[in-house]
Amino acid sequence: LFKSGEVSKGLGEYLYAAQSFNKVHTKFPTSELAPLAMFQQADCFEALEQRLTAKNTYEEFIERYPNHPYIEQAKGMIQLLYFSDEELINQFEK
């Protein structure tokens, strides 16, 4: 399921990828891939411009996996969700 999500995401099939990643972390919550699947699902929601769903998923990731190496990245992604492309460019240039 995780590999299916990765392939789908790589092909730009973000909805299908999000569904695959969701199955990983809901059906196999003790899997070592469960945290990464939730993080990837949030990223897919962001690509689908479902910002509120992405934010909620990142926040759930942070709550469930507070010691995961991607915590700081998830926090950063939440902050960037509502920036316009121009604002993002300005942030990166700084």
# chains A, B, ... in the order shown; residues from 1 in each chain; ligands from 1
call {"tool": "residues_around", "arguments": {"residues": "Ser8 in chain A", "least_positions_apart": "4", "cutoff": "12 Å", "atoms": "only C-alpha atoms", "output": "list in words"}}
result
Leu1, Phe2, Lys3, Ser4, Gly12, Glu13, Tyr14, Leu15, Tyr16, Ala17, Ala18, Gln19, Ser20, Phe21, Gln40, Gln41 and Cys44 of chain A
call {"tool": "closest_atom_pairs", "arguments": {"of": "range 23-50 of chain A", "to": "range 56-75 of chain A", "cutoff": "10 Å", "atoms": "only C-alpha atoms", "output": "tab-separated table"}}
result
residue	atom	partner	partner_atom	distance
A:Ala34	CA	A:Tyr65	CA	9.8
A:Pro35	CA	A:Tyr65	CA	6.8
A:Leu36	CA	A:Tyr70	CA	8.4
A:Ala37	CA	A:Phe61	CA	9.6
A:Met38	CA	A:Phe61	CA	6.4
A:Phe39	CA	A:Tyr58	CA	6.5
A:Gln40	CA	A:Tyr58	CA	9.3
A:Gln41	CA	A:Thr57	CA	7.5
A:Ala42	CA	A:Thr57	CA	5.3
A:Asp43	CA	A:Tyr58	CA	8.5
A:Phe45	CA	A:Thr57	CA	8.6
call {"tool": "atom_distance", "arguments": {"atom1": "CA of Gly10 in chain A", "atom2": "CA of Met77 in chain A"}}
result
19.3 Å
call {"tool": "atom_distance", "arguments": {"atom1": "CA of Phe28 in chain A", "atom2": "CA of Glu6 in chain A"}}
result
16.7 Å
call {"tool": "select_by_dssp", "arguments": {"residues": "range 14-65 of chain A", "states": "helix (DSSP H, G or I)", "output": "ChimeraX atom specification"}}
result
/A:14-27,34-47,51-64
call {"tool": "decode", "arguments": {"residues": "range 29-58 of chain A", "atoms": "N, CA and C atoms", "output": "mmCIF file, in the first residue's frame"}}
result
data_model
loop_
_atom_site.group_PDB
_atom_site.id
_atom_site.type_symbol
_atom_site.label_atom_id
_atom_site.label_comp_id
_atom_site.auth_asym_id
_atom_site.auth_seq_id
_atom_site.Cartn_x
_atom_site.Cartn_y
_atom_site.Cartn_z
ATOM 1 N N PRO A 29 -1.545 0.712 12.046
ATOM 2 C CA PRO A 29 -1.016 1.816 12.856
ATOM 3 C C PRO A 29 0.295 1.528 13.573
ATOM 4 N N THR A 30 0.635 0.257 13.741
ATOM 5 C CA THR A 30 1.890 -0.070 14.415
ATOM 6 C C THR A 30 3.040 -0.290 13.430
ATOM 7 N N SER A 31 2.749 -0.183 12.147
ATOM 8 C CA SER A 31 3.790 -0.334 11.126
ATOM 9 C C SER A 31 4.796 0.802 11.242
ATOM 10 N N GLU A 32 6.043 0.502 10.949
ATOM 11 C CA GLU A 32 7.058 1.565 10.954
ATOM 12 C C GLU A 32 6.798 2.589 9.862
ATOM 13 N N LEU A 33 5.977 2.242 8.871
ATOM 14 C CA LEU A 33 5.646 3.166 7.789
ATOM 15 C C LEU A 33 4.432 4.041 8.099
ATOM 16 N N ALA A 34 3.708 3.734 9.168
ATOM 17 C CA ALA A 34 2.488 4.482 9.495
ATOM 18 C C ALA A 34 2.738 5.993 9.647
ATOM 19 N N PRO A 35 3.753 6.419 10.406
ATOM 20 C CA PRO A 35 3.973 7.864 10.526
ATOM 21 C C PRO A 35 4.290 8.530 9.186
ATOM 22 N N LEU A 36 5.157 7.918 8.426
ATOM 23 C CA LEU A 36 5.525 8.495 7.135
ATOM 24 C C LEU A 36 4.329 8.516 6.191
ATOM 25 N N ALA A 37 3.478 7.498 6.277
ATOM 26 C CA ALA A 37 2.276 7.462 5.441
ATOM 27 C C ALA A 37 1.364 8.639 5.775
ATOM 28 N N MET A 38 1.218 8.950 7.052
ATOM 29 C CA MET A 38 0.376 10.080 7.440
ATOM 30 C C MET A 38 0.986 11.397 6.945
ATOM 31 N N PHE A 39 2.291 11.530 7.077
ATOM 32 C CA PHE A 39 2.975 12.731 6.588
ATOM 33 C C PHE A 39 2.781 12.875 5.079
ATOM 34 N N GLN A 40 2.954 11.783 4.351
ATOM 35 C CA GLN A 40 2.796 11.807 2.897
ATOM 36 C C GLN A 40 1.349 12.109 2.506
ATOM 37 N N GLN A 41 0.405 11.608 3.288
ATOM 38 C CA GLN A 41 -1.000 11.888 3.012
ATOM 39 C C GLN A 41 -1.251 13.394 3.113
ATOM 40 N N ALA A 42 -0.717 14.027 4.145
ATOM 41 C CA ALA A 42 -0.870 15.471 4.297
ATOM 42 C C ALA A 42 -0.286 16.205 3.098
ATOM 43 N N ASP A 43 0.866 15.759 2.630
ATOM 44 C CA ASP A 43 1.502 16.363 1.469
ATOM 45 C C ASP A 43 0.614 16.230 0.228
ATOM 46 N N CYS A 44 -0.038 15.103 0.089
ATOM 47 C CA CYS A 44 -0.955 14.899 -1.041
ATOM 48 C C CYS A 44 -2.142 15.861 -0.957
ATOM 49 N N PHE A 45 -2.683 16.045 0.249
ATOM 50 C CA PHE A 45 -3.793 16.988 0.410
ATOM 51 C C PHE A 45 -3.353 18.401 0.038
ATOM 52 N N GLU A 46 -2.122 18.719 0.374
ATOM 53 C CA GLU A 46 -1.584 20.031 0.006
ATOM 54 C C GLU A 46 -1.515 20.166 -1.511
ATOM 55 N N ALA A 47 -1.043 19.126 -2.186
ATOM 56 C CA ALA A 47 -0.961 19.143 -3.650
ATOM 57 C C ALA A 47 -2.342 19.263 -4.282
ATOM 58 N N LEU A 48 -3.358 18.738 -3.602
ATOM 59 C CA LEU A 48 -4.739 18.829 -4.090
ATOM 60 C C LEU A 48 -5.397 20.158 -3.705
ATOM 61 N N GLU A 49 -4.608 21.042 -3.071
ATOM 62 C CA GLU A 49 -5.060 22.346 -2.599
ATOM 63 C C GLU A 49 -6.179 22.224 -1.571
ATOM 64 N N GLN A 50 -6.145 21.144 -0.814
ATOM 65 C CA GLN A 50 -7.058 20.946 0.311
ATOM 66 C C GLN A 50 -6.290 21.336 1.575
ATOM 67 N N ARG A 51 -6.084 22.635 1.700
ATOM 68 C CA ARG A 51 -5.181 23.148 2.729
ATOM 69 C C ARG A 51 -5.638 22.839 4.157
ATOM 70 N N LEU A 52 -6.927 22.975 4.420
ATOM 71 C CA LEU A 52 -7.410 22.702 5.773
ATOM 72 C C LEU A 52 -7.218 21.228 6.131
ATOM 73 N N THR A 53 -7.504 20.339 5.190
ATOM 74 C CA THR A 53 -7.312 18.912 5.428
ATOM 75 C C THR A 53 -5.828 18.606 5.611
ATOM 76 N N ALA A 54 -4.988 19.244 4.812
ATOM 77 C CA ALA A 54 -3.540 19.061 4.961
ATOM 78 C C ALA A 54 -3.090 19.527 6.343
ATOM 79 N N LYS A 55 -3.553 20.701 6.753
ATOM 80 C CA LYS A 55 -3.191 21.239 8.065
ATOM 81 C C LYS A 55 -3.620 20.292 9.179
ATOM 82 N N ASN A 56 -4.857 19.822 9.108
ATOM 83 C CA ASN A 56 -5.365 18.908 10.135
ATOM 84 C C ASN A 56 -4.562 17.608 10.172
ATOM 85 N N THR A 57 -4.161 17.118 9.011
ATOM 86 C CA THR A 57 -3.391 15.876 8.953
ATOM 87 C C THR A 57 -1.986 16.082 9.505
ATOM 88 N N TYR A 58 -1.359 17.216 9.150
ATOM 89 C CA TYR A 58 -0.043 17.515 9.728
ATOM 90 C C TYR A 58 -0.147 17.629 11.256
#
